[in-house]
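All remarks here apply to the structure that follows.
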Amino acid sequence: MDFKKYLNQLNIRKECKKYGLSIWRCPQFVFMIMGVIIIFSTLFTYAISSKYIEDPLLISLVVIFLTWLLLILSYLVTQSFERLAEASRMKIEFLTIMSHQIRAPFANMRWVTDLLLSKKSGITNNKQQEEEYLLILRENSQRLEELINKIITVSKIEQGKFPLRKEFFTLKDLIDKVILEFKSYAEASNVKIIFECPQGLPKIFGDVSQIREVIENFVDNAIKYTKDKGEIKILLSITNKDRDIYFEIKDSGVGIPKEDQKYIFQKFFRSKSAMKHQTQGSGLGLFIVKSIIESHNGKTGFKSEEGEGTTFWFTLPILKNKIKEKDKITN
Amino acid sequence: MKNILFIEDESVLQKTVGSALKQEGYKVISATDGESGFNTAKSRKPDLILLDIILPKINGFEVLKKLKETPETKDIPVIILTNLERISDIDKALESGATTYLIKVDYSLEEIVKKVKKALGEQ
């Protein structure tokens, strides 16, 4: 079985096509070429040194040293080619996913308008049906707007043009607002949201709209990937010797398979298990979340078990200043 | 009355395309994921199958493969209706036995209905 896998790997042409690069830039091919170069230079070194050096031990030392040097060099070269290839592959994947995600709402809107305009359908005679279709139009244009906003946000982040407008605000109030925003979506998905928050938590100094986007992203994902009747639990607390605020959102959803976990925060990454349950989704949300949290000097991460649910968390530092005492909220 | 099985997870499309086809006098059976789509095809043997590729559970390519491997369903014409536009996807679908490959954004509802009629041998 394993032998077959190696034979497939050797089908270098096919592997390289995946990256969309010419064969000279493809890491597998480069590795093969380097291997051939090493073999030849080892033989060559041996031939040359045995001509000029008498001592066999010295000959072997020279050969070993040169081979070892070449091995390290080829490792470094192949590594950088691999990174290039990976970047190229992600660009291709982006185009495929993005063009699909952008076209889907377009097709929806086009056909709904076709139906509304067609005299044969008689839909305009039925006020209720007409309204239903108009709502679909609105929903899809919103979907498109959200997607485009996410793409623009990602561009801004990458170009470093994502400024923070910092102010003091209460994280609890923000979370309450987001939960309200998602109330109808949660109810429609038969999911209950529970929010636990101790009293007297200090305020956060950060960009309210960006942190709001982070929470919205987490809540949206939690609802999206929880099948049927489920529960989402949000927790706030203080951690790290009173230096950070800790936010946690736990769902009883589909979970993230182990092999996908290390890619979860990458741009455009969508786990195959996610695609199986929910075909819409840009793969940009978590990338944006991580960038926002890190620009606030916080940390984010998750724990997940496939089929059992996922817990996402983030921490934000509490600014120590004299105003803190006055700003402590009391419930 | 001819039966058309529409395997598509987006409810908007089930509504719009389904509506347009019903107006033409066809009976439309809906399936919203690959697995139930294949099972429905096997049990109800429709006259035509409209198949999306990006589907929950099993994707359109796998459904197509299963359909062509099963004696009860292998002769049912299949029209792929998707937004995937890579040449490799188109080739793959046509090689696996799909009758036609339609990219959603390129067609109006009327044109889709025309293609369905053509595949069913009516004009």
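In the structure tokens, each chain is lettered A, B, ... as it comes, each chain's residues begin at 1, and ligands are numbered from 1 in order of appearance.
Taking only C-alpha atoms, the non-local environment of A:Val208 within 9 Å (same-chain residues fewer than 6 positions away omitted) comprises Arg165, Lys166, Glu167, Phe168, Phe169, Leu171 and Leu174 of chain A.
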For the selection just defined, write its residues with N, CA and C atoms to a file, as a PDB file, in the first residue's frame.
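Final file, result.pdb:
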```pdb
ATOM      1  N   ARG A 165      -9.448  52.318  16.213  1.00  0.00           N
ATOM      2  CA  ARG A 165      -9.943  53.533  16.887  1.00  0.00           C
ATOM      3  C   ARG A 165     -10.271  53.109  18.304  1.00  0.00           C
ATOM      4  N   LYS A 166      -9.336  53.318  19.204  1.00  0.00           N
ATOM      5  CA  LYS A 166      -9.494  52.762  20.541  1.00  0.00           C
ATOM      6  C   LYS A 166     -10.280  53.664  21.472  1.00  0.00           C
ATOM      7  N   GLU A 167     -11.069  53.016  22.330  1.00  0.00           N
ATOM      8  CA  GLU A 167     -11.808  53.739  23.373  1.00  0.00           C
ATOM      9  C   GLU A 167     -12.099  52.737  24.481  1.00  0.00           C
ATOM     10  N   PHE A 168     -12.553  53.239  25.634  1.00  0.00           N
ATOM     11  CA  PHE A 168     -12.931  52.343  26.723  1.00  0.00           C
ATOM     12  C   PHE A 168     -14.360  51.875  26.507  1.00  0.00           C
ATOM     13  N   PHE A 169     -14.598  50.579  26.627  1.00  0.00           N
ATOM     14  CA  PHE A 169     -15.967  50.085  26.516  1.00  0.00           C
ATOM     15  C   PHE A 169     -16.128  48.830  27.355  1.00  0.00           C
ATOM     16  N   LEU A 171     -17.146  45.054  27.682  1.00  0.00           N
ATOM     17  CA  LEU A 171     -17.268  43.867  26.840  1.00  0.00           C
ATOM     18  C   LEU A 171     -18.624  43.184  27.032  1.00  0.00           C
ATOM     19  N   LEU A 174     -21.286  44.775  24.939  1.00  0.00           N
ATOM     20  CA  LEU A 174     -21.099  44.455  23.527  1.00  0.00           C
ATOM     21  C   LEU A 174     -21.623  43.054  23.220  1.00  0.00           C
TER      22      LEU A 174
END
```
Closest atom pairs, chain B residues within 9 Å of chain A, only C-alpha atoms, as JSON lines:
```
{"residue": "B:Asp9", "atom": "CA", "partner": "A:Thr279", "partner_atom": "CA", "distance": 8.3}
{"residue": "B:Glu10", "atom": "CA", "partner": "A:Thr279", "partner_atom": "CA", "distance": 8.9}
{"residue": "B:Val12", "atom": "CA", "partner": "A:Asn108", "partner_atom": "CA", "distance": 6.5}
{"residue": "B:Leu13", "atom": "CA", "partner": "A:Asn108", "partner_atom": "CA", "distance": 6.5}
{"residue": "B:Lys15", "atom": "CA", "partner": "A:Val112", "partner_atom": "CA", "distance": 8.9}
{"residue": "B:Thr16", "atom": "CA", "partner": "A:Val112", "partner_atom": "CA", "distance": 6.2}
{"residue": "B:Val17", "atom": "CA", "partner": "A:Trp111", "partner_atom": "CA", "distance": 7.7}
{"residue": "B:Ser19", "atom": "CA", "partner": "A:Ser121", "partner_atom": "CA", "distance": 7.8}
{"residue": "B:Ala20", "atom": "CA", "partner": "A:Ser121", "partner_atom": "CA", "distance": 7.3}
{"residue": "B:Gln23", "atom": "CA", "partner": "A:Ser121", "partner_atom": "CA", "distance": 6.8}
{"residue": "B:Ile54", "atom": "CA", "partner": "A:Thr279", "partner_atom": "CA", "distance": 6.8}
{"residue": "B:Leu55", "atom": "CA", "partner": "A:Thr279", "partner_atom": "CA", "distance": 6.7}
{"residue": "B:Pro56", "atom": "CA", "partner": "A:Lys276", "partner_atom": "CA", "distance": 4.3}
{"residue": "B:Lys57", "atom": "CA", "partner": "A:Lys276", "partner_atom": "CA", "distance": 5.1}
{"residue": "B:Ile58", "atom": "CA", "partner": "A:Lys276", "partner_atom": "CA", "distance": 7.3}
{"residue": "B:Asn59", "atom": "CA", "partner": "A:Lys276", "partner_atom": "CA", "distance": 8.3}
{"residue": "B:Thr82", "atom": "CA", "partner": "A:Ala104", "partner_atom": "CA", "distance": 8.7}
{"residue": "B:Asn83", "atom": "CA", "partner": "A:His100", "partner_atom": "CA", "distance": 5.6}
{"residue": "B:Leu84", "atom": "CA", "partner": "A:His100", "partner_atom": "CA", "distance": 6.1}
{"residue": "B:Glu85", "atom": "CA", "partner": "A:Thr96", "partner_atom": "CA", "distance": 8.3}
{"residue": "B:Arg86", "atom": "CA", "partner": "A:Thr96", "partner_atom": "CA", "distance": 7.9}
{"residue": "B:Lys104", "atom": "CA", "partner": "A:Ala107", "partner_atom": "CA", "distance": 6.0}
{"residue": "B:Val105", "atom": "CA", "partner": "A:Ala107", "partner_atom": "CA", "distance": 5.0}
{"residue": "B:Asp106", "atom": "CA", "partner": "A:Ala107", "partner_atom": "CA", "distance": 8.4}
{"residue": "B:Tyr107", "atom": "CA", "partner": "A:Ala107", "partner_atom": "CA", "distance": 8.6}
{"residue": "B:Ser108", "atom": "CA", "partner": "A:Trp111", "partner_atom": "CA", "distance": 6.5}
{"residue": "B:Leu109", "atom": "CA", "partner": "A:Trp111", "partner_atom": "CA", "distance": 5.9}
{"residue": "B:Glu110", "atom": "CA", "partner": "A:Asp114", "partner_atom": "CA", "distance": 8.2}
```
Item to check | Atomic distance atom CA of A:Asn149 - atom CA of B:Asp33, expressed in Å with one decimal | outcome: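 Interatomic distance, atom CA of A:Asn149 to atom CA of B:Asp33: 29.2 Å.
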Looking only at strand (DSSP E or B) from DSSP on the backbone, list the matching residues of chain B as a CSV table (one decimal) with N, CA and C atoms, in the first residue's frame.
```csv
chain,number,residue,atom,x,y,z
B,3,ASN,N,-41.0,13.4,-14.5
B,3,ASN,CA,-40.5,13.8,-13.2
B,3,ASN,C,-39.1,14.3,-13.4
B,4,ILE,N,-38.8,15.4,-12.6
B,4,ILE,CA,-37.4,15.9,-12.6
B,4,ILE,C,-36.9,15.9,-11.2
B,5,LEU,N,-35.7,15.3,-10.9
B,5,LEU,CA,-35.2,15.3,-9.6
B,5,LEU,C,-34.1,16.4,-9.5
B,6,PHE,N,-34.3,17.4,-8.6
B,6,PHE,CA,-33.4,18.5,-8.5
B,6,PHE,C,-32.6,18.4,-7.2
B,7,ILE,N,-31.3,18.1,-7.3
B,7,ILE,CA,-30.5,17.9,-6.2
B,7,ILE,C,-29.7,19.2,-5.9
B,27,LYS,N,-43.2,17.6,-13.0
B,27,LYS,CA,-43.2,17.4,-11.5
B,27,LYS,C,-41.8,17.5,-11.0
B,28,VAL,N,-41.6,18.3,-10.0
B,28,VAL,CA,-40.2,18.5,-9.5
B,28,VAL,C,-40.1,17.8,-8.1
B,29,ILE,N,-39.1,16.9,-8.0
B,29,ILE,CA,-38.8,16.3,-6.7
B,29,ILE,C,-37.5,16.9,-6.2
B,30,SER,N,-37.5,17.4,-4.9
B,30,SER,CA,-36.3,18.0,-4.4
B,30,SER,C,-35.5,17.1,-3.5
B,31,ALA,N,-34.2,17.3,-3.6
B,31,ALA,CA,-33.3,16.6,-2.6
B,31,ALA,C,-32.3,17.7,-2.2
B,48,LEU,N,-35.3,12.9,-15.5
B,48,LEU,CA,-34.1,13.7,-15.6
B,48,LEU,C,-33.6,14.1,-14.3
B,49,ILE,N,-32.2,14.3,-14.1
B,49,ILE,CA,-31.7,14.8,-12.8
B,49,ILE,C,-30.9,16.0,-13.0
B,50,LEU,N,-31.3,17.1,-12.2
B,50,LEU,CA,-30.5,18.3,-12.2
B,50,LEU,C,-29.6,18.2,-11.0
B,51,LEU,N,-28.3,18.4,-11.2
B,51,LEU,CA,-27.4,18.1,-10.1
B,51,LEU,C,-26.5,19.2,-9.8
B,78,VAL,N,-28.3,13.4,-16.9
B,78,VAL,CA,-28.0,14.3,-15.8
B,78,VAL,C,-27.5,15.6,-16.3
B,79,ILE,N,-28.1,16.7,-15.8
B,79,ILE,CA,-27.6,18.0,-16.2
B,79,ILE,C,-27.0,18.6,-14.9
B,80,ILE,N,-25.7,19.0,-15.0
B,80,ILE,CA,-25.0,19.6,-13.9
B,80,ILE,C,-25.3,21.1,-13.9
B,81,LEU,N,-25.7,21.5,-12.7
B,81,LEU,CA,-26.1,23.0,-12.6
B,81,LEU,C,-25.2,23.5,-11.4
B,82,THR,N,-24.2,24.3,-11.7
B,82,THR,CA,-23.2,24.7,-10.7
B,82,THR,C,-22.6,26.1,-11.0
B,100,THR,N,-25.0,17.4,-19.8
B,100,THR,CA,-24.7,18.8,-20.1
B,100,THR,C,-24.1,19.4,-18.8
B,101,TYR,N,-23.3,20.5,-18.9
B,101,TYR,CA,-22.7,21.2,-17.7
B,101,TYR,C,-23.1,22.6,-17.9
B,102,LEU,N,-24.0,23.1,-16.9
B,102,LEU,CA,-24.4,24.5,-17.0
B,102,LEU,C,-23.9,25.3,-15.9
B,103,ILE,N,-23.3,26.4,-16.2
B,103,ILE,CA,-22.8,27.3,-15.1
B,103,ILE,C,-23.9,28.3,-14.8
```
Checklist entry - For the atom pair atom CA of A:Ile293 and atom CA of A:Gln142, what is the interatomic distance in Å to one decimal place? => result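 It comes out at 25.7 Å.
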Next on the checklist: So, with only C-alpha atoms as the atoms that count, which of B:Ile53, B:Val116, B:Ala41, B:Leu94 lies closest to B:Lys66?
Outcome noted: B:Ala41
Item to check | Those of stretch 67-176 of chain A in DSSP alpha helix (DSSP H), formatted as a count of residues only | outcome: 89
